[in-house]
Amino acid sequence: MANKAQQPPHLHLAEVTASQFIDIWKHFDADGNGYIEGKELENFFKELEMARRGAGVDPTNPTFREKMKEFMQKFDKNKDGRIEMSELAQILPTEENFLLCFRQFVSSSAEFMAAWRRYDTDRSGYIESNELKGFLSDLLQKANRHYDDQKLEEYTKTILRMFDLNGDGKLGLSEMARLLPVQENFLLKFQGVKLTSEEFNVIFTYYDKDGNGYIDEQELDALLRDLYQSHKKDMDQKNLSDYKQSIMSLSDGGKLYRGELEIVLCREPIV
């Protein structure tokens with residue numbers, strides 16, 4: 001665990017490298033839940049102010065609270081009161097814009113999913129670490145970023161530091177999707193809809209009428225509309241067609257298999 005008395009890494013720099021960015025993220029996301037929130041958020045803003053002003057700040061001062069409120073209004077894009085990785089990339093630009101290059105490439109989450117699917121060949125919801133380099137190379141090329149083998153190796157290692165928390169050499173789709181801008185990360189739209197494996201199996205079996213192991217676009221449309229009816233507070237009806245398009249990007253020639261839909265709708269992958 002990070003030493004709270006220790007000077008937080010790299011906050012004084014105008015630009016940080018990809019590796020330094022991860023140092024900062026891991027320092028402040030103390031519980032490892034993928035967000036800087038609550039006391040972590042207060043500590044982050046306090047240390048950021050101190051690094052940039054070169055002087056101490058008093059969190060009990062009303063001015064501090066007001067500045068923190070303005071800071072969140074500017075950077076908390078989805079207004080959930082916490083900072084996630086893609087939002088931190090706006091606050092702390094990286095030296096090579098390593099994280100932001102992905103955002104510049106992605107005009108829709110469907111493009112991200114299509115790139116992912118080329119590498120998740122067994123539809124497990126994971127790509128192996130040896131496939132990651134090719135995946136990143138694809139994204140960098142689409143972003144028109146010039147890189148050499150050394151940089152690609154550095155980026156690959158950095159991504160592994162971000163997401164391979166248990167060291168098994170596999171990366172999950174929902175974790176990698178945290179690189180996307182909040183408004184483009186359609187997986188976030190389903191956070192309040194996450195199903196248990198039992199609930200998912202019942203729903204998939206219902207829509208897979210012929211029992212062939214996949215559903216088509218029309219069946220997915222009906223499934224999403226039914227989900228909307230039972231989760232109106234978590235889903236936006238206006239965006240249902242966008243959600244469908246993004247999910248269908250994971251399909252195989254219009255066939256959406258059980259494992260692919262499970263990635264989106266389940267709390268944990270079904271083993």
# chains A, B, ... in the order shown; residues from 1 in each chain; ligands from 1
call {"tool": "residues_around", "arguments": {"residues": "segment 200-216 of chain A", "least_positions_apart": "5", "cutoff": "6 Å", "atoms": "only C-alpha atoms", "output": "ChimeraX atom specification"}}
result
/A:195,254-258
call {"tool": "atom_distance", "arguments": {"atom1": "atom CA of Lys26 of chain A", "atom2": "atom CA of Met162 of chain A"}}
result
8.4 Å
call {"tool": "residues_around", "arguments": {"residues": "Lys170 of chain A", "least_positions_apart": "5", "cutoff": "10 Å", "atoms": "only C-alpha atoms", "output": "PyMOL selection string"}}
result
chain A and resi 125-132+160+163-165
call {"tool": "closest_residue", "arguments": {"among": "A:Leu140, A:Ala115, A:Met50, A:Ile263", "to": "Thr156 of chain A", "atoms": "only C-alpha atoms"}}
result
A:Leu140
call {"tool": "residues_around", "arguments": {"residues": "Ile83 of chain A", "least_positions_apart": "6", "cutoff": "7 Å", "atoms": "only C-alpha atoms", "output": "list of chain:residue names"}}
result
A:Tyr35, A:Ile36, A:Glu37, A:Asp76
call {"tool": "closest_residue", "arguments": {"among": "A:Ser230, A:Gly32, A:Lys39, A:Leu13", "to": "Asn166 of chain A", "atoms": "only C-alpha atoms"}}
result
A:Gly32
call {"tool": "select_by_dssp", "arguments": {"residues": "segment 21-263 of chain A", "states": "alpha helix (DSSP H)", "output": "MDAnalysis selection string"}}
result
chainID A and resid 21:28 39:53 62:75 85:91 100:105 109:119 129:142 149:163 173:176 197:207 217:230 240:248 258:263
call {"tool": "residues_around", "arguments": {"residues": "Lys46 of chain A", "least_positions_apart": "4", "cutoff": "12 Å", "atoms": "only C-alpha atoms", "output": "tab-separated table (two decimals) with C-alpha atoms, in the first residue's frame"}}
result
chain	number	residue	atom	x	y	z
A	7	GLN	CA	5.30	12.64	-1.95
A	8	PRO	CA	2.86	11.49	-4.65
A	11	LEU	CA	2.33	15.52	-10.05
A	28	PHE	CA	-4.45	7.52	-5.58
A	39	LYS	CA	-11.14	10.55	0.47
A	40	GLU	CA	-8.91	9.47	-2.43
A	41	LEU	CA	-10.35	12.30	-4.52
A	42	GLU	CA	-9.79	14.88	-1.79
A	50	MET	CA	0.31	21.61	-3.66
A	51	ALA	CA	2.42	20.35	-6.59
A	52	ARG	CA	1.24	23.10	-8.91
A	53	ARG	CA	1.31	25.97	-6.41
A	54	GLY	CA	4.42	24.85	-4.57
A	55	ALA	CA	2.74	25.55	-1.25
A	56	GLY	CA	0.49	23.85	1.27
A	57	VAL	CA	-3.30	23.93	1.10
A	58	ASP	CA	-5.98	23.59	3.77
A	59	PRO	CA	-8.80	21.16	2.82
A	60	THR	CA	-11.03	22.71	5.52
A	61	ASN	CA	-10.84	26.11	3.87
A	64	PHE	CA	-10.39	24.76	-1.28
A	65	ARG	CA	-13.88	23.24	-1.49
A	67	LYS	CA	-11.88	25.10	-6.24
A	68	MET	CA	-12.44	21.36	-5.95
A	71	PHE	CA	-12.30	21.17	-10.86
call {"tool": "atom_distance", "arguments": {"atom1": "atom CA of Phe45 of chain A", "atom2": "atom CA of Ser174 of chain A"}}
result
27.0 Å
call {"tool": "closest_residue", "arguments": {"among": "A:Leu240, A:Gly34, A:Leu48, A:Asp149", "to": "Glu87 of chain A", "atoms": "only C-alpha atoms"}}
result
A:Gly34
